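> Take a look at the following structure, please.
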Amino acid sequence: MKRIKLNKKHKNKDSNRWLNRHLNDEYVRKSKIDGYRSRSSYKLIQINEKYDFLKNSFKIVDLGCSPGGWLQVVRELSPRSSKVIGFDLISLKEIPDIKFYKIDVNESEIFEKIDSFFEKKKIDLLLSDMSPNSSGNKKVDHLRIVSIIERVLEIAEKSLKKNGFLVAKIFQGGAQGDLILKMKKTLDSIQYFKPKASRSESPETYLVARKK
Ligand SMILES: C[S@@+](CC[C@H](N)C(=O)[O-])C[C@H]1O[C@@H](n2cnc3c(N)ncnc32)[C@H](O)[C@@H]1O
């Protein structure tokens, strides 16, 4: 495959190392061809290939859904009649038949939105690809990671049906002590899976579990 080269003027700049890697990334190229909004789409495709939850999911929530790569996959692989709602801090370019709210998932109104969209019925699948912005301080970042997962667990506890699937991004070192206890209180069949599309140097992995 032809590699994209940056010109001389750019070569010495550190920031262009990221750009260089991005432009030559297999999944970035593939997403352009397949019409996906992000390379993250392939992570969900690969997680679903292993655990096969999308085909039986009729009520789906996606936390941290922008720019919408996972939502596109959900639309393709879940039943035609499935109802899907996404939330993010940043806007989402419209996707047909998907309800979106631009809100922080920590806002309490998220429960009203979920309840009203699904007419108070529990959901089959809760997805979260949320990651905190890096502060540069390891301790602060760790607390942010833990707080995101705690919030995902709260939403799973209230909204996910018994045996419903949870797929959530988690970071190595994020699941320790109290958090593991909280997970075990809410979830069963806890597994961790790192899809091929997740960069090997990234500490991210995915938690795949069923609601107790
Ligand atoms: C890696 S991106 C998700 C990519 C998405 N899965 C896709 O395939 O296009 C993570 C997203 O989580 C969102 N996010 C992080 N914290 C959030 C929060 N507290 N509430 C809502 N969204 C949040 C970010 O704004 C960002 O858009």
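In the structure tokens, the first chain shown is A, the next is B, and so on; residue numbers restart at 1 for each chain, and ligands run from 1 in the order shown.
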Near A:Phe58, within 7 Å and counting only C-alpha atoms, which residues show up once chain neighbours fewer than 5 positions away are dropped, as a list in words?
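The filter keeps Pro79, Ser81, Ser82, Lys83 and Asp124 of chain A.
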> Residues as selected, N, CA, C and O atoms, written as a tab-separated table (two decimals), in the first residue's frame, can you do that?

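Output below, filename result-v6.tsv:
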```tsv
chain	number	residue	atom	x	y	z
A	79	PRO	N	-31.11	-5.14	14.76
A	79	PRO	CA	-32.34	-5.32	13.98
A	79	PRO	C	-32.86	-3.98	13.44
A	79	PRO	O	-32.67	-2.93	14.06
A	81	SER	N	-35.67	-2.75	13.44
A	81	SER	CA	-36.63	-2.07	14.31
A	81	SER	C	-36.00	-1.57	15.62
A	81	SER	O	-36.71	-1.07	16.50
A	82	SER	N	-34.68	-1.73	15.76
A	82	SER	CA	-34.07	-1.33	17.03
A	82	SER	C	-34.18	0.18	17.23
A	82	SER	O	-34.19	0.96	16.28
A	83	LYS	N	-34.27	0.55	18.52
A	83	LYS	CA	-34.33	1.99	18.88
A	83	LYS	C	-32.99	2.36	19.51
A	83	LYS	O	-32.51	1.65	20.41
A	124	ASP	N	-31.44	-3.28	26.18
A	124	ASP	CA	-30.75	-4.55	25.91
A	124	ASP	C	-29.23	-4.37	25.89
A	124	ASP	O	-28.49	-5.32	26.13
```
> Please identify all protein, DNA and RNA residues within 10 Å of ligand 1, counting only C-alpha atoms and all ligand atoms, and report them as number ranges by chain.
A: 36-44, 62-73, 86-92, 101-107, 110, 127-133, 144-145, 147-148, 151-152, 169
> Residues of stretch 29-123 of chain A within 8 Å of stretch 153-164 of chain A: nearest atom pair and distance (Å, one decimal) for each, counting only C-alpha atoms, sorted by chain and number, as a Markdown table?

```
| residue | atom | partner | partner_atom | distance |
| --- | --- | --- | --- | --- |
| A:Phe111 | CA | A:Ile155 | CA | 7.8 |
| A:Ile114 | CA | A:Ser159 | CA | 7.8 |
| A:Lys122 | CA | A:Lys161 | CA | 5.0 |
| A:Ile123 | CA | A:Leu160 | CA | 4.9 |
```
> Generate a file of the selected residues that holds C-alpha atoms, formatted as a short mmCIF file (atom, residue, chain, number, x, y, z; two decimals), in the first residue's frame.

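As written to disk, selection.cif reads:
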```
data_model
loop_
_atom_site.label_atom_id
_atom_site.label_comp_id
_atom_site.auth_asym_id
_atom_site.auth_seq_id
_atom_site.Cartn_x
_atom_site.Cartn_y
_atom_site.Cartn_z
CA PHE A 111 -32.21 9.02 33.11
CA ILE A 114 -33.51 7.24 28.47
CA LYS A 122 -35.12 -1.45 30.26
CA ILE A 123 -32.51 -1.55 27.53
#
```
> In terms of the shortest atom-to-atom distance over only C-alpha atoms, which of A:Lys59, A:Asp141, A:Glu76, A:Leu179 is closest to A:Glu119?
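Between A:Lys59, A:Asp141, A:Glu76, A:Leu179, the residue approaching A:Glu119 most closely is A:Lys59.
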> Which of these, A:Val146, A:Leu181, A:Leu166, A:Ile45, has the shortest distance to A:Pro195 once you count only C-alpha atoms?
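Under the stated criterion, the closest residue is A:Ile45.
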> Counting only C-alpha atoms, which of A:Ile95, A:Leu207, A:Ala197, A:Val140 gets nearest to A:Gln172?
A:Leu207
> DSSP says strand (DSSP E) for which residues of chain A? Put them as JSON, numbers by chain?
{"A": [59, 60, 61, 62, 63, 83, 84, 85, 86, 87, 88, 98, 99, 100, 101, 102, 123, 124, 125, 126, 127, 128, 160, 161, 162, 163, 164, 165, 166, 167, 168, 169, 170, 171, 187, 188, 189, 190, 191, 192, 193, 204, 205, 206, 207, 208, 209, 210, 211]}
> Write to file, as a compact mmCIF listing (two decimals), in the first residue's frame, the residues of the selection just made, with C-alpha atoms.

```txt
# COMPACT_ATOMS: atom_id res chain seq x y z
CA LYS A 59 -33.01 -1.00 22.72
CA ILE A 60 -29.54 0.51 22.67
CA VAL A 61 -27.78 3.40 24.42
CA ASP A 62 -24.39 4.74 23.27
CA LEU A 63 -22.53 6.94 25.78
CA LYS A 83 -34.33 1.99 18.88
CA VAL A 84 -31.05 3.79 19.45
CA ILE A 85 -30.13 6.85 21.50
CA GLY A 86 -26.70 8.47 21.85
CA PHE A 87 -25.21 11.05 24.21
CA ASP A 88 -22.09 13.16 23.95
CA ILE A 98 -30.95 7.83 15.83
CA LYS A 99 -31.92 10.11 18.69
CA PHE A 100 -29.09 12.24 20.05
CA TYR A 101 -28.64 14.52 23.05
CA LYS A 102 -25.69 16.80 23.56
CA ILE A 123 -32.51 -1.55 27.53
CA ASP A 124 -30.75 -4.55 25.91
CA LEU A 125 -27.35 -2.98 25.29
CA LEU A 126 -25.33 -0.21 26.91
CA LEU A 127 -22.27 0.97 25.00
CA SER A 128 -19.61 3.36 26.25
CA LEU A 160 -29.97 -2.17 31.62
CA LYS A 161 -32.22 -5.24 31.74
CA LYS A 162 -31.22 -8.49 33.43
CA ASN A 163 -28.73 -10.28 31.15
CA GLY A 164 -28.42 -7.16 29.00
CA PHE A 165 -24.97 -6.49 27.55
CA LEU A 166 -22.55 -3.81 28.66
CA VAL A 167 -19.58 -2.94 26.42
CA ALA A 168 -17.42 -0.20 27.89
CA LYS A 169 -13.98 1.21 27.26
CA ILE A 170 -11.77 0.80 30.30
CA PHE A 171 -8.10 1.55 30.86
CA LEU A 187 -22.37 -7.36 36.44
CA ASP A 188 -21.90 -11.02 35.62
CA SER A 189 -19.64 -12.82 33.10
CA ILE A 190 -17.08 -9.99 33.20
CA GLN A 191 -14.52 -10.24 30.43
CA TYR A 192 -11.91 -7.94 28.94
CA PHE A 193 -11.23 -7.83 25.22
CA GLU A 204 -7.44 0.97 26.49
CA THR A 205 -9.32 -2.30 26.50
CA TYR A 206 -13.03 -3.14 26.56
CA LEU A 207 -15.11 -4.53 29.35
CA VAL A 208 -17.80 -6.91 28.09
CA ALA A 209 -20.29 -8.11 30.67
CA ARG A 210 -23.94 -9.01 31.35
CA LYS A 211 -26.19 -7.28 33.84
```
> Suppose you want the space between atom CA of A:Ser135 and atom CA of A:Lys93; what is it in Å?
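Straight-line distance from atom CA of A:Ser135 to atom CA of A:Lys93 works out to 27.5 Å.
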> When DSSP is applied to the backbone of this structure, which of stretch 47-189 of chain A are assigned helix (DSSP H, G or I)? Write them out as a ChimeraX atom specification.
/A:47-51,54-56,69-77,109-117,138-159,177-186
> What does the distance from atom CA of A:Ser200 to atom CA of A:Asp25 come to in Å, to one decimal?
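Distance between the two atoms: 12.6 Å.
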> One decimal, in Å: what's the spacing between atom CA of A:Asp178 and atom CA of A:Leu143?
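Pair atom CA of A:Asp178 / atom CA of A:Leu143 returns 12.4 Å.
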